[in-house]
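As structure tokens, the structure follows; a few thoughts come after it.
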2 protein chains.
Amino acid sequence: MPAGEKNMDAMEVILTRRSIRKYVDKPIDDDILKKLINAGVSAPSAGNQQPWHFVVIDDQNIFDEILQFHPNAKMLKQCQKAILICSDLNLEKFKGYWILDCSAATQNILLAAHAMGIGSCWLGIYPRVERMKGIQKIFSMPENIIPFSLIALGYPDEKHGTVDRYEENRIHHNKW
Amino acid sequence: MPAGEKNMDAMEVILTRRSIRKYVDKPIDDDILKKLINAGVSAPSAGNQQPWHFVVIDDQNIFDEILQFHPNAKMLKQCQKAILICSDLNLEKFKGYWILDCSAATQNILLAAHAMGIGSCWLGIYPRVERMKGIQKIFSMPENIIPFSLIALGYPDEKHGTVDRYEENRIHHNKW
């Protein structure tokens with residue numbers, strides 16, 4: 001197993017993943033990045049339409065441009081890499097489901113990162129029009145490409161305990 | 001470890017999860033169901049708004065009613081239980097993000113199920129208005145409650161191999 005890659009129980013990964021916004025100065029290898037994207041494309045999609053594209057970003061100039069219009073993106077100054085998930089509306093077979101597909105792909109990448117000891121944070125792009133337009137402009141994207149989420153990545157420089165979010169009053173049985 | 005619960009590597013779970021639509025006649029214990037929902041609420045949500053509710057369904061009459069208007073729900077005739085994820089718009093702090101939040105919660109439950117040897121299938125409710133209205137009617141839900149996804153669950157009676165969905169032409173580096 002490559003250095004830095006932990007073998008972690010799936011349930012533990014799901015229950016202990018937290019947003020990580022502080023990172024140490026340690027590079028993320030290309031093979032790990034490929035595994036993260038492979039986790040992303042392993043998500044289910046409506047009718048298996050797989051509408052996603054992935055833009056790997058590690059150019060600080062691009063991060064600086066994103067910081068101009070994204071109010072919650074401070075961690076981009078410190079992260080090693082980021083993955084921008086986009087949807088290609090031309091690949092859409094079932095209208096409106098690309099949002100769900102790209103969310104599932106994003107969640108898979110967050111979990112895979114945590115499984116490999118990498119901290120991540122889901123930065124919302126969609127549905128904020130000014131952020132979507134800002135990203136489209138940076139990359140001169142065609143109109144059919146919709147930027148959806150930006151995942152900041154880096155080996156963690158902070159640790160969060162697990163939280164119990166289970167609330168009985170949110171659980172119902174055969175009736176509302 | 002309880003019977004029927006496998007300890008599975010997180011990356012393996014992410015990469016090998018497939019939609020399962022055929023199930024054996026074996027009950028899903030309540031403690032497992034609680035673990036699945038706990039996986040769901042462990043998903044990230046915008047501003048930690050946690051807008052979700054979970055309706056556990058195992059009443060065949062309800063499944064029959066859903067089958068009246070849902071064209072892809074045949075597996076409900078055979079599944080042991082289903083979890084309906086809904087959003088409470090009154091809990092929404094960041095407009096429009098509940099769709100992403102509920103998608104991430106759904107994906108967590110699919111993965112947790114697979115990790116415990118349970119097959120699952122994500123049945124789309126949102127954004128199909130006729131399905132959302134159909135579900136709201138069955139449960140006489142208040143207007144602020146939006147049915148989002150229905151997850152059919154059961155121990156698998158079919159097996160799918162892994163698929164390689166990684167495509168180099170969907171990966172970009174610092175530019176489109």
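Residue names in the structure tokens use chain letters A, B, ... in the order shown, residue numbers from 1 in each chain, and ligand numbers from 1 in the order shown.
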With a distance threshold of 7 Å and counting only C-alpha atoms, extract the residues of chain A near chain B and express them as a PyMOL selection string. chain A and resi 7-11+13-15+38-39+41-42+53-59+96+100+103-104+107-108+112+115+127+139+141+165-166+170-176
Save out the residues we just selected, N, CA and C atoms, as a CSV table (one decimal), in the first residue's frame.
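Generated file (result31.csv):
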chain,number,residue,atom,x,y,z
A,7,ASN,N,-5.9,2.0,5.1
A,7,ASN,CA,-7.0,1.1,4.8
A,7,ASN,C,-8.1,1.3,5.9
A,8,MET,N,-9.2,1.9,5.5
A,8,MET,CA,-10.2,2.2,6.6
A,8,MET,C,-11.5,1.6,6.3
A,9,ASP,N,-12.1,1.2,7.4
A,9,ASP,CA,-13.5,0.6,7.4
A,9,ASP,C,-14.5,1.6,6.8
A,10,ALA,N,-15.3,1.1,5.9
A,10,ALA,CA,-16.3,2.0,5.2
A,10,ALA,C,-17.2,2.8,6.2
A,11,MET,N,-17.8,2.1,7.1
A,11,MET,CA,-18.7,2.7,8.0
A,11,MET,C,-18.0,3.8,8.8
A,13,VAL,N,-15.4,5.5,7.9
A,13,VAL,CA,-15.1,6.6,7.0
A,13,VAL,C,-16.4,7.5,6.9
A,14,ILE,N,-17.5,6.8,6.7
A,14,ILE,CA,-18.8,7.6,6.5
A,14,ILE,C,-19.1,8.4,7.7
A,15,LEU,N,-18.9,7.8,8.9
A,15,LEU,CA,-19.3,8.4,10.2
A,15,LEU,C,-18.3,9.5,10.7
A,38,ASN,N,-11.7,8.3,-9.7
A,38,ASN,CA,-12.3,7.0,-9.9
A,38,ASN,C,-13.5,6.8,-8.9
A,39,ALA,N,-13.3,7.2,-7.7
A,39,ALA,CA,-14.4,7.1,-6.7
A,39,ALA,C,-15.6,8.0,-7.1
A,41,VAL,N,-16.5,8.8,-10.2
A,41,VAL,CA,-17.2,8.2,-11.4
A,41,VAL,C,-17.9,6.9,-11.0
A,42,SER,N,-17.6,6.4,-9.8
A,42,SER,CA,-18.3,5.2,-9.3
A,42,SER,C,-19.7,5.5,-8.7
A,53,HIS,N,-17.7,16.0,-15.5
A,53,HIS,CA,-16.3,16.3,-15.9
A,53,HIS,C,-15.6,16.7,-14.7
A,54,PHE,N,-14.3,16.5,-14.7
A,54,PHE,CA,-13.5,16.8,-13.5
A,54,PHE,C,-12.3,17.7,-13.9
A,55,VAL,N,-12.2,18.9,-13.3
A,55,VAL,CA,-11.0,19.7,-13.6
A,55,VAL,C,-10.1,19.8,-12.3
A,56,VAL,N,-8.9,19.2,-12.5
A,56,VAL,CA,-8.0,19.2,-11.4
A,56,VAL,C,-7.3,20.6,-11.4
A,57,ILE,N,-7.3,21.3,-10.3
A,57,ILE,CA,-6.7,22.6,-10.2
A,57,ILE,C,-5.6,22.6,-9.1
A,58,ASP,N,-4.4,23.1,-9.5
A,58,ASP,CA,-3.3,23.3,-8.5
A,58,ASP,C,-2.6,24.6,-8.9
A,59,ASP,N,-3.2,25.4,-9.7
A,59,ASP,CA,-2.5,26.7,-10.1
A,59,ASP,C,-3.1,27.8,-9.2
A,96,GLY,N,-32.7,17.3,-15.2
A,96,GLY,CA,-32.6,17.8,-13.9
A,96,GLY,C,-31.9,16.9,-12.9
A,100,LEU,N,-28.2,15.8,-8.9
A,100,LEU,CA,-28.1,14.6,-8.0
A,100,LEU,C,-26.9,13.8,-8.3
A,103,SER,N,-23.8,15.5,-7.2
A,103,SER,CA,-23.7,15.5,-5.7
A,103,SER,C,-23.2,14.2,-5.2
A,104,ALA,N,-23.7,13.1,-5.8
A,104,ALA,CA,-23.3,11.8,-5.4
A,104,ALA,C,-21.8,11.6,-5.7
A,107,GLN,N,-19.8,13.5,-3.1
A,107,GLN,CA,-19.8,12.8,-1.8
A,107,GLN,C,-18.8,11.6,-1.8
A,108,ASN,N,-18.8,10.9,-2.9
A,108,ASN,CA,-17.8,9.8,-3.1
A,108,ASN,C,-16.4,10.2,-3.0
A,112,ALA,N,-13.7,9.1,-0.2
A,112,ALA,CA,-12.5,8.4,-0.7
A,112,ALA,C,-11.2,9.2,-0.2
A,115,ALA,N,-10.8,8.3,3.4
A,115,ALA,CA,-10.3,7.0,3.5
A,115,ALA,C,-8.8,6.9,3.3
A,127,PRO,N,-26.0,26.1,-6.5
A,127,PRO,CA,-26.8,26.9,-7.5
A,127,PRO,C,-26.5,28.4,-7.5
A,139,PHE,N,-12.4,29.6,-17.0
A,139,PHE,CA,-12.0,28.5,-17.8
A,139,PHE,C,-12.5,28.6,-19.3
A,141,MET,N,-15.4,28.3,-20.4
A,141,MET,CA,-16.2,27.0,-20.7
A,141,MET,C,-17.3,27.2,-21.7
A,165,ARG,N,-25.4,13.3,14.9
A,165,ARG,CA,-26.5,14.2,14.3
A,165,ARG,C,-27.8,13.4,14.2
A,166,TYR,N,-27.9,12.2,14.8
A,166,TYR,CA,-29.1,11.4,14.7
A,166,TYR,C,-30.1,12.0,15.6
A,170,ARG,N,-36.6,13.1,13.5
A,170,ARG,CA,-36.5,13.2,12.0
A,170,ARG,C,-36.8,11.8,11.4
A,171,ILE,N,-37.1,10.8,12.2
A,171,ILE,CA,-37.3,9.5,11.7
A,171,ILE,C,-38.8,9.1,11.8
A,172,HIS,N,-39.4,8.6,10.7
A,172,HIS,CA,-40.8,8.3,10.7
A,172,HIS,C,-40.9,6.9,10.2
A,173,HIS,N,-42.1,6.2,10.6
A,173,HIS,CA,-42.3,4.9,10.2
A,173,HIS,C,-43.6,4.7,9.5
A,174,ASN,N,-43.6,4.5,8.2
A,174,ASN,CA,-44.8,4.2,7.4
A,174,ASN,C,-45.8,5.3,7.4
A,175,LYS,N,-45.5,6.4,8.1
A,175,LYS,CA,-46.4,7.6,8.1
A,175,LYS,C,-45.6,8.8,8.4
A,176,TRP,N,-46.2,10.0,8.0
A,176,TRP,CA,-45.5,11.2,8.4
A,176,TRP,C,-45.8,11.6,9.8
What are the DSSP helix (DSSP H, G or I) residues of chain A, as a VMD selection string? chain A and resid 10 to 16 30 to 41 46 to 48 60 to 69 74 to 77 89 to 91 98 to 115 129 to 138 168 to 170
Residues near Ile20 (chain A), anyone? I mean within 9 Å using only C-alpha atoms, not counting same-chain ones fewer than 3 positions away, as an MDAnalysis selection string. chainID A and resid 17 23 75 118:121 152:160
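We find CA of Lys77 (chain B) and CA of Trp98 (chain A) to be spaced 27.7 Å apart.
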